[in-house]
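Below is one structure, written out as C-alpha cells, with a few remarks after it.
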Amino acid sequence: MKKLWGGRFSKETSSLIDDFHSSISFDQRLYREDIRGSQAHATMLGEQGIMAAAEAELLVKELGAILVDIEAGRVEFDLAAEDIHMNVERLLIARLGPVGKKLHTGRSRNDQVALDLRLYMRREISGIQEQLLHLLKVLLELGDKHIETVMPGYTHLQRAQPVTLAHHLLAYSAMFKRDYERLSDAVKRLNICPLGAGALAGTTYNLAPMRVAELLEFDDVALNSMDAVSDRDHAIEFCAAASLIMMHLSRFSEEIILWSSAEYSFIELDDAYSTGSSIMPQKKNPDVAELVRGKTGRVYGDLFTLLTLMKGLPLAYNKDMQEDKEAVFDAIDTVKACLLVFPPMLQTMTVKAQNMRRAAEGGYTNATDLADYLAKKGIPFREAHEVVGQAVLNAITQGKALCEISLAEYQEWSSVFAEDLYEAISMKTCVEKREVLGGPAPAAVRQALQRLRTWMTQ
Ligand code: ARG
C-alpha cells in the first residue's frame with residue numbers, strides 16, 4: 001500500500017518495519033480527539049480562506065461521519081497506515097477524494113499528535129477528578145459516622161495516642177484533596193493548543209491558532225513551535241500526580257490489609273470485596289487493597305518510562321516520543337480502575353469499633369495525657385515523663401491498663417496524683433480535649449469535615 005508520505009520513496013516499507021513502527025494498535029483510542037482536532041483545523045482553514053468554505057464544511061461533515069462509523073465498529077484500522085492520524089486521513093481521502101487531501105494543509109502529524117494527547121488527557125483528567133470527589137464524599141460519610149469511634153493512632157506502627165476513625169480518615173481526605181488540586185494545577189499547563197507549530201517551524205500559511213484554540217476550548221496557544229511539538233512535560237506531570245494518587249491509595253490499602261487481619265481485627269471487608277483461597281477454606285483475603293497497592297508500581301513505572309524517554313532527546317520531535325502514549329494510557333487506566341473499586345470497598349466494610357477502642361485503651365495511648373496531667377499540676381514535663389514511664393513499666397508487668405492502677409500505687413510514684421487522674425486519662429478526655437485545630441476532638445473533626453464539605457461544593 002502506498003504511504004501517505006510515500007512520494008520520495010521508491011520502495012515499499014518492509015512489513016517488518018510496518019509492524020515495528022506502527023502505533024495504531026494503541027493510539028486508536030485517540031480517534032475522538034483526532035477527529036475533533038481535524039474538524040477545528042478544517043473550520044479554521046475555511047475561515048481563513050486557505051480552502052474554500054464549502055470544502056471545509058465537507059471535511060467537517062465527513063469527519064463527523066467517520067466518527068460515527070468508528071463508534072459503531074464499522075471501521076477497520078490499517079496497520080500499514082501507521083497511526084490514528086493517517087488512518088483517519090486515509091479514510092477521508094477514500095471517501096472524499098481530492099478534497100480529503102487538503103485537510104493536512106498547514107499541519108504536521110507532530111503538532112497533530114501533540115494536540116490529540118493534550119485533548120485526551122484533559123478529558124481523562126477531568127474524569128479522574130470526578131472519581132476523587134466521589135472518594136472524598138465516601139470518606140466524608142464514613143467520617144460523619146465515626147466522629148466518636150476511638151482507635152489508636154500509631155507512630156512506628158506502635159500504639160501512640162488515641163484518635164478517632166473519622167480523624168484517621170480525614171488524613172486521607174487531605175491527601176486526596178491535594179491530589180485533586182494537583183491535577184487542576186497540571187491542567188493549567190496542559191491546556192495549551194500546539195496547533196500551528198507544524199512539524200517544528202510553524203508554517204507560511206495564514207493560520208489562526210487562537211481560533212483553533214477557541215474552538216477546542218484551550219486557554220492559550222503555544223508560543224514556540226519547537227517546544228509545542230516536543231513538550232511532553234504535561235504527560236510527565238500527570239504521571240507524577242497519578243503516582244501520588246496511587247501512593248496515597250497504597251498507604252490506605254496497607255492499612256485496610258492490616259486492619260482486616262486477626263491481629264488487628266479493626267474492620268471486616270464485605271464478602272463482595274474480598275476473595276477466598278483455593279486451598280485454605282478459612283481464608284478471606286483483602287485482594288482488592290493488595291492489588292491497588294501492587295498496581296502502584298505500574299504507575300511509578302509509567303512515570304519513569306516518560307522521564308527516561310524524554311531525557312536527552314534533542315529538539316524537536318523524535319520518533320521516540322511515540323512511546324509516550326502507552327505509558328500515559330496505562331497510568332490513566334490504572335488510576336481509574338483503582339478509584340473505581342476503592343470507594344465501594346470502603347462503603348461496604350464493617351467497622352469493629354469495640355476492637356478499635358480496646359486497642360486504644362490497652363496500648364497505653366493515654367500515657368502522654370498522664371504526663372500532661374502531672375505537668376499541668378506543676379511538675380516539669382521531663383520529670384513527669386520519667387514518672388509516667390515508670391508507671392507504664394509497672395502496669396505492663398502487672399498486665400494492667402493505666403486506668404486499672406490504684407491511686408495508692410500512683411501516689412507512691414508522685415504525691416501530686418489525685419483521684420481526678422482517672423478522668424484525665426479516660427479515652428473520652430484524651431480525645432475530646434485535643435480540640436486544637438486539625439486535632440482529633442469531635443469538635444475539631446466536625447469543623448474539618450465541614451471545611452472539606454464546603455470545598456467540595458464550590
Ligand atoms: N504516531 C506518531 C507519534 O505518536 C505521530 C507523529 C509522527 N511524526 C513523525 N514525524 N513521524 O508520535
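FYI, nothing fancy with the C-alpha cells labels: chains A, B, ... in order, residues from 1 per chain, ligands from 1 as they appear.
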Extract the full set of strand (DSSP E or B) residues from range 120-226 of chain A according to DSSP on the backbone, and format it as a ChimeraX atom specification. /A:150-155,158-164,192-193,220-221
Write out as number ranges by chain which residues come within 12 Å of Arg123 in chain A when counting only C-alpha atoms, dropping same-chain ones fewer than 3 positions away. A: 30, 32-33, 116-120, 126-130, 183, 187, 190-191, 216-217, 332
Throw together the list of residues within 9 Å of ligand 1, counting only C-alpha atoms and all ligand atoms, and drop it here as a PDB file with all heavy atoms, in the first residue's frame.
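File produced: selection-v6.pdb:
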ATOM      1  N   HIS A  21       6.986  -0.019  13.618  1.00  0.00           N
ATOM      2  CA  HIS A  21       6.779   1.388  13.968  1.00  0.00           C
ATOM      3  C   HIS A  21       5.311   1.824  13.968  1.00  0.00           C
ATOM      4  O   HIS A  21       4.999   2.959  14.292  1.00  0.00           O
ATOM      5  CB  HIS A  21       7.664   2.318  13.111  1.00  0.00           C
ATOM      6  CG  HIS A  21       7.125   2.604  11.751  1.00  0.00           C
ATOM      7  ND1 HIS A  21       7.646   3.601  10.960  1.00  0.00           N
ATOM      8  CD2 HIS A  21       6.131   2.038  11.051  1.00  0.00           C
ATOM      9  CE1 HIS A  21       6.978   3.621   9.830  1.00  0.00           C
ATOM     10  NE2 HIS A  21       6.067   2.695   9.859  1.00  0.00           N
ATOM     11  N   SER A  22       4.430   0.900  13.667  1.00  0.00           N
ATOM     12  CA  SER A  22       3.023   1.269  13.698  1.00  0.00           C
ATOM     13  C   SER A  22       2.542   1.450  15.141  1.00  0.00           C
ATOM     14  O   SER A  22       2.896   0.690  16.032  1.00  0.00           O
ATOM     15  CB  SER A  22       2.215   0.149  13.030  1.00  0.00           C
ATOM     16  OG  SER A  22       0.872   0.289  13.398  1.00  0.00           O
ATOM     17  N   SER A  23       1.748   2.489  15.361  1.00  0.00           N
ATOM     18  CA  SER A  23       1.224   2.730  16.712  1.00  0.00           C
ATOM     19  C   SER A  23      -0.299   2.606  16.768  1.00  0.00           C
ATOM     20  O   SER A  23      -0.911   2.846  17.795  1.00  0.00           O
ATOM     21  CB  SER A  23       1.648   4.119  17.194  1.00  0.00           C
ATOM     22  OG  SER A  23       1.257   5.104  16.259  1.00  0.00           O
ATOM     23  N   ILE A  24      -0.899   2.207  15.630  1.00  0.00           N
ATOM     24  CA  ILE A  24      -2.363   2.196  15.579  1.00  0.00           C
ATOM     25  C   ILE A  24      -2.975   1.264  16.633  1.00  0.00           C
ATOM     26  O   ILE A  24      -4.069   1.517  17.140  1.00  0.00           O
ATOM     27  CB  ILE A  24      -2.881   1.849  14.150  1.00  0.00           C
ATOM     28  CG1 ILE A  24      -4.384   2.000  14.065  1.00  0.00           C
ATOM     29  CG2 ILE A  24      -2.425   0.473  13.704  1.00  0.00           C
ATOM     30  CD1 ILE A  24      -4.914   3.398  14.241  1.00  0.00           C
ATOM     31  N   ASP A  27      -2.730   3.774  19.636  1.00  0.00           N
ATOM     32  CA  ASP A  27      -3.172   5.178  19.579  1.00  0.00           C
ATOM     33  C   ASP A  27      -4.558   5.331  18.955  1.00  0.00           C
ATOM     34  O   ASP A  27      -5.090   6.433  18.872  1.00  0.00           O
ATOM     35  CB  ASP A  27      -2.123   6.113  18.956  1.00  0.00           C
ATOM     36  CG  ASP A  27      -1.878   5.878  17.475  1.00  0.00           C
ATOM     37  OD1 ASP A  27      -2.670   5.179  16.829  1.00  0.00           O
ATOM     38  OD2 ASP A  27      -0.876   6.425  16.965  1.00  0.00           O
ATOM     39  N   GLU A  82       0.006   3.114   9.739  1.00  0.00           N
ATOM     40  CA  GLU A  82       0.789   3.525  10.909  1.00  0.00           C
ATOM     41  C   GLU A  82       0.022   3.918  12.159  1.00  0.00           C
ATOM     42  O   GLU A  82       0.083   3.254  13.180  1.00  0.00           O
ATOM     43  CB  GLU A  82       1.707   4.719  10.561  1.00  0.00           C
ATOM     44  CG  GLU A  82       3.050   4.330  10.060  1.00  0.00           C
ATOM     45  CD  GLU A  82       3.906   5.554   9.762  1.00  0.00           C
ATOM     46  OE1 GLU A  82       4.156   6.372  10.665  1.00  0.00           O
ATOM     47  OE2 GLU A  82       4.330   5.650   8.609  1.00  0.00           O
ATOM     48  N   ASP A  83      -0.623   5.085  12.078  1.00  0.00           N
ATOM     49  CA  ASP A  83      -1.184   5.594  13.327  1.00  0.00           C
ATOM     50  C   ASP A  83      -2.613   6.091  13.110  1.00  0.00           C
ATOM     51  O   ASP A  83      -3.144   6.064  11.996  1.00  0.00           O
ATOM     52  CB  ASP A  83      -0.287   6.686  13.934  1.00  0.00           C
ATOM     53  CG  ASP A  83       0.047   7.798  12.955  1.00  0.00           C
ATOM     54  OD1 ASP A  83      -0.758   8.039  12.023  1.00  0.00           O
ATOM     55  OD2 ASP A  83       1.109   8.428  13.112  1.00  0.00           O
ATOM     56  N   ILE A  84      -3.207   6.577  14.171  1.00  0.00           N
ATOM     57  CA  ILE A  84      -4.597   7.026  14.088  1.00  0.00           C
ATOM     58  C   ILE A  84      -4.733   8.217  13.140  1.00  0.00           C
ATOM     59  O   ILE A  84      -5.711   8.328  12.399  1.00  0.00           O
ATOM     60  CB  ILE A  84      -5.157   7.350  15.500  1.00  0.00           C
ATOM     61  CG1 ILE A  84      -6.653   7.685  15.442  1.00  0.00           C
ATOM     62  CG2 ILE A  84      -4.412   8.493  16.168  1.00  0.00           C
ATOM     63  CD1 ILE A  84      -7.535   6.586  14.937  1.00  0.00           C
ATOM     64  N   HIS A  85      -3.711   9.067  13.132  1.00  0.00           N
ATOM     65  CA  HIS A  85      -3.795  10.282  12.304  1.00  0.00           C
ATOM     66  C   HIS A  85      -3.903   9.930  10.821  1.00  0.00           C
ATOM     67  O   HIS A  85      -4.750  10.439  10.102  1.00  0.00           O
ATOM     68  CB  HIS A  85      -2.581  11.179  12.552  1.00  0.00           C
ATOM     69  CG  HIS A  85      -2.105  11.133  13.974  1.00  0.00           C
ATOM     70  ND1 HIS A  85      -2.881  11.575  14.999  1.00  0.00           N
ATOM     71  CD2 HIS A  85      -0.965  10.637  14.544  1.00  0.00           C
ATOM     72  CE1 HIS A  85      -2.232  11.374  16.150  1.00  0.00           C
ATOM     73  NE2 HIS A  85      -1.076  10.800  15.891  1.00  0.00           N
ATOM     74  N   MET A  86      -3.029   9.029  10.392  1.00  0.00           N
ATOM     75  CA  MET A  86      -3.044   8.676   8.968  1.00  0.00           C
ATOM     76  C   MET A  86      -4.174   7.720   8.623  1.00  0.00           C
ATOM     77  O   MET A  86      -4.635   7.699   7.492  1.00  0.00           O
ATOM     78  CB  MET A  86      -1.683   8.130   8.560  1.00  0.00           C
ATOM     79  CG  MET A  86      -0.646   9.260   8.592  1.00  0.00           C
ATOM     80  SD  MET A  86       0.779   9.000   7.568  1.00  0.00           S
ATOM     81  CE  MET A  86       1.493   7.604   8.346  1.00  0.00           C
ATOM     82  N   SER A 108       1.154  19.216  10.647  1.00  0.00           N
ATOM     83  CA  SER A 108       2.038  18.054  10.604  1.00  0.00           C
ATOM     84  C   SER A 108       1.488  17.060  11.617  1.00  0.00           C
ATOM     85  O   SER A 108       0.744  17.426  12.529  1.00  0.00           O
ATOM     86  CB  SER A 108       3.450  18.486  11.006  1.00  0.00           C
ATOM     87  OG  SER A 108       4.159  17.411  11.573  1.00  0.00           O
ATOM     88  N   ARG A 109       1.894  15.802  11.460  1.00  0.00           N
ATOM     89  CA  ARG A 109       1.473  14.865  12.496  1.00  0.00           C
ATOM     90  C   ARG A 109       2.106  15.215  13.842  1.00  0.00           C
ATOM     91  O   ARG A 109       1.631  14.813  14.878  1.00  0.00           O
ATOM     92  CB  ARG A 109       1.863  13.437  12.102  1.00  0.00           C
ATOM     93  CG  ARG A 109       0.777  12.726  11.340  1.00  0.00           C
ATOM     94  CD  ARG A 109       1.150  11.290  11.133  1.00  0.00           C
ATOM     95  NE  ARG A 109       2.391  11.169  10.390  1.00  0.00           N
ATOM     96  CZ  ARG A 109       3.233  10.145  10.475  1.00  0.00           C
ATOM     97  NH1 ARG A 109       2.970   9.143  11.288  1.00  0.00           N
ATOM     98  NH2 ARG A 109       4.336  10.098   9.750  1.00  0.00           N
ATOM     99  N   ASN A 110       3.198  15.997  13.768  1.00  0.00           N
ATOM    100  CA  ASN A 110       3.866  16.338  15.029  1.00  0.00           C
ATOM    101  C   ASN A 110       3.021  17.261  15.903  1.00  0.00           C
ATOM    102  O   ASN A 110       2.897  17.048  17.103  1.00  0.00           O
ATOM    103  CB  ASN A 110       5.238  16.968  14.758  1.00  0.00           C
ATOM    104  CG  ASN A 110       6.167  15.983  14.070  1.00  0.00           C
ATOM    105  OD1 ASN A 110       5.838  14.807  13.947  1.00  0.00           O
ATOM    106  ND2 ASN A 110       7.313  16.458  13.607  1.00  0.00           N
ATOM    107  N   ASP A 111       2.439  18.300  15.285  1.00  0.00           N
ATOM    108  CA  ASP A 111       1.559  19.125  16.123  1.00  0.00           C
ATOM    109  C   ASP A 111       0.215  18.438  16.327  1.00  0.00           C
ATOM    110  O   ASP A 111      -0.459  18.629  17.337  1.00  0.00           O
ATOM    111  CB  ASP A 111       1.423  20.581  15.627  1.00  0.00           C
ATOM    112  CG  ASP A 111       0.954  20.729  14.184  1.00  0.00           C
ATOM    113  OD1 ASP A 111       0.840  19.701  13.483  1.00  0.00           O
ATOM    114  OD2 ASP A 111       0.708  21.877  13.764  1.00  0.00           O
ATOM    115  N   GLN A 112      -0.141  17.572  15.376  1.00  0.00           N
ATOM    116  CA  GLN A 112      -1.417  16.859  15.494  1.00  0.00           C
ATOM    117  C   GLN A 112      -1.413  15.889  16.685  1.00  0.00           C
ATOM    118  O   GLN A 112      -2.354  15.863  17.481  1.00  0.00           O
ATOM    119  CB  GLN A 112      -1.666  16.094  14.188  1.00  0.00           C
ATOM    120  CG  GLN A 112      -3.031  15.480  14.063  1.00  0.00           C
ATOM    121  CD  GLN A 112      -3.221  14.767  12.713  1.00  0.00           C
ATOM    122  OE1 GLN A 112      -2.325  14.814  11.844  1.00  0.00           O
ATOM    123  NE2 GLN A 112      -4.344  14.120  12.536  1.00  0.00           N
ATOM    124  N   VAL A 113      -0.341  15.113  16.803  1.00  0.00           N
ATOM    125  CA  VAL A 113      -0.314  14.141  17.904  1.00  0.00           C
ATOM    126  C   VAL A 113      -0.188  14.870  19.245  1.00  0.00           C
ATOM    127  O   VAL A 113      -0.777  14.453  20.257  1.00  0.00           O
ATOM    128  CB  VAL A 113       0.801  13.077  17.712  1.00  0.00           C
ATOM    129  CG1 VAL A 113       2.191  13.654  17.925  1.00  0.00           C
ATOM    130  CG2 VAL A 113       0.584  11.900  18.666  1.00  0.00           C
ATOM    131  N   ALA A 114       0.547  15.985  19.231  1.00  0.00           N
ATOM    132  CA  ALA A 114       0.668  16.770  20.479  1.00  0.00           C
ATOM    133  C   ALA A 114      -0.711  17.272  20.901  1.00  0.00           C
ATOM    134  O   ALA A 114      -1.069  17.253  22.081  1.00  0.00           O
ATOM    135  CB  ALA A 114       1.635  17.931  20.276  1.00  0.00           C
ATOM    136  N   ALA A 199       5.500  20.904  11.681  1.00  0.00           N
ATOM    137  CA  ALA A 199       6.444  19.850  12.021  1.00  0.00           C
ATOM    138  C   ALA A 199       7.349  20.300  13.151  1.00  0.00           C
ATOM    139  O   ALA A 199       7.654  19.549  14.068  1.00  0.00           O
ATOM    140  CB  ALA A 199       7.269  19.472  10.808  1.00  0.00           C
ATOM    141  N   TYR A 317      10.743  17.163  17.459  1.00  0.00           N
ATOM    142  CA  TYR A 317      10.107  15.841  17.538  1.00  0.00           C
ATOM    143  C   TYR A 317      11.104  14.736  17.214  1.00  0.00           C
ATOM    144  O   TYR A 317      11.946  14.871  16.327  1.00  0.00           O
ATOM    145  CB  TYR A 317       8.920  15.759  16.566  1.00  0.00           C
ATOM    146  CG  TYR A 317       8.267  14.386  16.582  1.00  0.00           C
ATOM    147  CD1 TYR A 317       7.307  14.066  17.525  1.00  0.00           C
ATOM    148  CD2 TYR A 317       8.644  13.399  15.671  1.00  0.00           C
ATOM    149  CE1 TYR A 317       6.729  12.801  17.565  1.00  0.00           C
ATOM    150  CE2 TYR A 317       8.075  12.137  15.696  1.00  0.00           C
ATOM    151  CZ  TYR A 317       7.116  11.844  16.653  1.00  0.00           C
ATOM    152  OH  TYR A 317       6.558  10.593  16.697  1.00  0.00           O
ATOM    153  N   ASN A 318      11.022  13.655  17.947  1.00  0.00           N
ATOM    154  CA  ASN A 318      11.758  12.424  17.644  1.00  0.00           C
ATOM    155  C   ASN A 318      10.772  11.274  17.779  1.00  0.00           C
ATOM    156  O   ASN A 318       9.882  11.317  18.631  1.00  0.00           O
ATOM    157  CB  ASN A 318      12.896  12.196  18.642  1.00  0.00           C
ATOM    158  CG  ASN A 318      13.914  13.324  18.615  1.00  0.00           C
ATOM    159  OD1 ASN A 318      14.882  13.282  17.876  1.00  0.00           O
ATOM    160  ND2 ASN A 318      13.686  14.344  19.425  1.00  0.00           N
ATOM    161  N   LYS A 319      10.986  10.238  16.990  1.00  0.00           N
ATOM    162  CA  LYS A 319      10.014   9.143  16.995  1.00  0.00           C
ATOM    163  C   LYS A 319       9.944   8.440  18.351  1.00  0.00           C
ATOM    164  O   LYS A 319       8.944   7.790  18.678  1.00  0.00           O
ATOM    165  CB  LYS A 319      10.347   8.148  15.877  1.00  0.00           C
ATOM    166  CG  LYS A 319       9.304   7.057  15.656  1.00  0.00           C
ATOM    167  CD  LYS A 319       8.012   7.566  15.021  1.00  0.00           C
ATOM    168  CE  LYS A 319       7.091   6.416  14.665  1.00  0.00           C
ATOM    169  NZ  LYS A 319       6.664   6.429  13.277  1.00  0.00           N
ATOM    170  N   ASP A 320      11.021   8.593  19.131  1.00  0.00           N
ATOM    171  CA  ASP A 320      10.979   8.035  20.497  1.00  0.00           C
ATOM    172  C   ASP A 320       9.661   8.397  21.180  1.00  0.00           C
ATOM    173  O   ASP A 320       9.118   7.634  21.983  1.00  0.00           O
ATOM    174  CB  ASP A 320      12.084   8.625  21.387  1.00  0.00           C
ATOM    175  CG  ASP A 320      13.456   8.651  20.748  1.00  0.00           C
ATOM    176  OD1 ASP A 320      13.552   9.054  19.575  1.00  0.00           O
ATOM    177  OD2 ASP A 320      14.419   8.294  21.446  1.00  0.00           O
ATOM    178  N   MET A 321       9.200   9.619  20.865  1.00  0.00           N
ATOM    179  CA  MET A 321       8.058  10.160  21.594  1.00  0.00           C
ATOM    180  C   MET A 321       6.765   9.395  21.347  1.00  0.00           C
ATOM    181  O   MET A 321       5.798   9.549  22.090  1.00  0.00           O
ATOM    182  CB  MET A 321       7.899  11.649  21.263  1.00  0.00           C
ATOM    183  CG  MET A 321       9.010  12.462  21.926  1.00  0.00           C
ATOM    184  SD  MET A 321       9.306  14.008  21.118  1.00  0.00           S
ATOM    185  CE  MET A 321       8.017  14.946  21.838  1.00  0.00           C
ATOM    186  N   GLN A 322       6.747   8.578  20.312  1.00  0.00           N
ATOM    187  CA  GLN A 322       5.574   7.743  20.092  1.00  0.00           C
ATOM    188  C   GLN A 322       5.363   6.797  21.287  1.00  0.00           C
ATOM    189  O   GLN A 322       4.252   6.332  21.529  1.00  0.00           O
ATOM    190  CB  GLN A 322       5.753   6.933  18.801  1.00  0.00           C
ATOM    191  CG  GLN A 322       4.613   6.002  18.492  1.00  0.00           C
ATOM    192  CD  GLN A 322       4.649   5.510  17.053  1.00  0.00           C
ATOM    193  OE1 GLN A 322       4.402   6.262  16.120  1.00  0.00           O
ATOM    194  NE2 GLN A 322       4.998   4.249  16.878  1.00  0.00           N
ATOM    195  N   GLU A 323       6.440   6.534  21.998  1.00  0.00           N
ATOM    196  CA  GLU A 323       6.375   5.633  23.162  1.00  0.00           C
ATOM    197  C   GLU A 323       5.691   6.274  24.373  1.00  0.00           C
ATOM    198  O   GLU A 323       5.499   5.631  25.395  1.00  0.00           O
ATOM    199  CB  GLU A 323       7.793   5.200  23.571  1.00  0.00           C
ATOM    200  CG  GLU A 323       8.475   4.280  22.575  1.00  0.00           C
ATOM    201  CD  GLU A 323       7.917   2.864  22.609  1.00  0.00           C
ATOM    202  OE1 GLU A 323       7.804   2.299  23.698  1.00  0.00           O
ATOM    203  OE2 GLU A 323       7.582   2.331  21.540  1.00  0.00           O
ATOM    204  N   ASP A 324       5.395   7.564  24.289  1.00  0.00           N
ATOM    205  CA  ASP A 324       4.778   8.232  25.445  1.00  0.00           C
ATOM    206  C   ASP A 324       3.370   7.719  25.723  1.00  0.00           C
ATOM    207  O   ASP A 324       2.926   7.651  26.862  1.00  0.00           O
ATOM    208  CB  ASP A 324       4.756   9.765  25.246  1.00  0.00           C
ATOM    209  CG  ASP A 324       3.935  10.198  24.015  1.00  0.00           C
ATOM    210  OD1 ASP A 324       3.388   9.332  23.305  1.00  0.00           O
ATOM    211  OD2 ASP A 324       3.854  11.420  23.772  1.00  0.00           O
ATOM    212  N   LYS A 325       2.664   7.356  24.629  1.00  0.00           N
ATOM    213  CA  LYS A 325       1.235   7.114  24.780  1.00  0.00           C
ATOM    214  C   LYS A 325       0.888   5.914  25.650  1.00  0.00           C
ATOM    215  O   LYS A 325       0.016   5.991  26.513  1.00  0.00           O
ATOM    216  CB  LYS A 325       0.585   7.000  23.399  1.00  0.00           C
ATOM    217  CG  LYS A 325       0.291   8.384  22.819  1.00  0.00           C
ATOM    218  CD  LYS A 325      -0.062   8.369  21.373  1.00  0.00           C
ATOM    219  CE  LYS A 325       1.161   8.210  20.499  1.00  0.00           C
ATOM    220  NZ  LYS A 325       2.162   9.288  20.677  1.00  0.00           N
TER     221      LYS A 325
END
What lies within 9 Å of Ala42 in chain A using only C-alpha atoms, ignoring chain neighbours under 3 positions off, as a ChimeraX atom specification? /A:37-39,45-47,51,55-57,59-60,102-105
Show me, as a short mmCIF file (atom, residue, chain, number, x, y, z; two decimals) with N, CA and C atoms, in the first residue's frame, the residues that have an atom within 7 Å of range 230-236 of chain A when counting only C-alpha atoms, minus same-chain residues fewer than 3 positions from it.
data_model
loop_
_atom_site.label_atom_id
_atom_site.label_comp_id
_atom_site.auth_asym_id
_atom_site.auth_seq_id
_atom_site.Cartn_x
_atom_site.Cartn_y
_atom_site.Cartn_z
N ALA A 186 -2.00 20.87 37.08
CA ALA A 186 -1.35 20.31 35.88
C ALA A 186 -2.12 20.70 34.62
N ARG A 189 -1.14 23.87 32.64
CA ARG A 189 -0.05 23.79 31.67
C ARG A 189 -0.38 22.85 30.51
N LEU A 190 -1.31 21.96 30.75
CA LEU A 190 -1.72 21.02 29.70
C LEU A 190 -2.62 21.70 28.68
N MET A 226 8.81 24.92 18.29
CA MET A 226 9.66 23.76 18.57
C MET A 226 9.28 23.11 19.90
N ASP A 227 8.99 23.96 20.87
CA ASP A 227 8.55 23.42 22.16
C ASP A 227 7.17 22.76 22.01
N CYS A 239 1.66 11.94 35.14
CA CYS A 239 2.08 10.66 35.72
C CYS A 239 2.63 10.84 37.13
N ALA A 240 3.22 12.00 37.39
CA ALA A 240 3.70 12.28 38.75
C ALA A 240 2.50 12.44 39.69
N LEU A 303 5.68 6.65 35.06
CA LEU A 303 6.36 7.94 35.26
C LEU A 303 7.82 7.83 34.85
N LEU A 306 8.40 7.70 31.07
CA LEU A 306 8.34 9.01 30.41
C LEU A 306 9.58 9.85 30.71
N LEU A 307 10.00 9.85 31.96
CA LEU A 307 11.18 10.65 32.31
C LEU A 307 12.39 10.16 31.53
N LEU A 315 15.94 18.65 20.37
CA LEU A 315 14.76 19.29 19.78
C LEU A 315 14.69 18.90 18.31
N ALA A 316 13.56 18.76 17.66
CA ALA A 316 12.27 18.92 18.29
C ALA A 316 11.64 17.52 18.40
N TYR A 317 10.74 17.16 17.46
CA TYR A 317 10.11 15.84 17.54
C TYR A 317 11.10 14.74 17.21
N VAL A 328 1.21 6.81 29.29
CA VAL A 328 0.12 7.69 29.75
C VAL A 328 -1.18 6.89 29.86
#
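Taking CA of Glu254 in chain A and CA of Val292 in chain A as endpoints, the distance between them is 9.4 Å.
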Contacts of range 400-415 of chain A at 10 Å (only C-alpha atoms; same-chain gap of 2+ positions) as number ranges by chain: A: 361-367, 370, 374, 379, 384, 387-388, 390-392, 394-398, 417-427
So which bits of range 201-405 of chain A end up helix (DSSP H, G or I) when you DSSP the backbone, as a PyMOL selection string? chain A and resi 209-215+225-230+233-260+271-273+287-310+319-348+353-362+367-376+381-398+402-404
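Pairwise distance (CA of Ala242 in chain A, CA of Arg182 in chain A) equals 9.5 Å.
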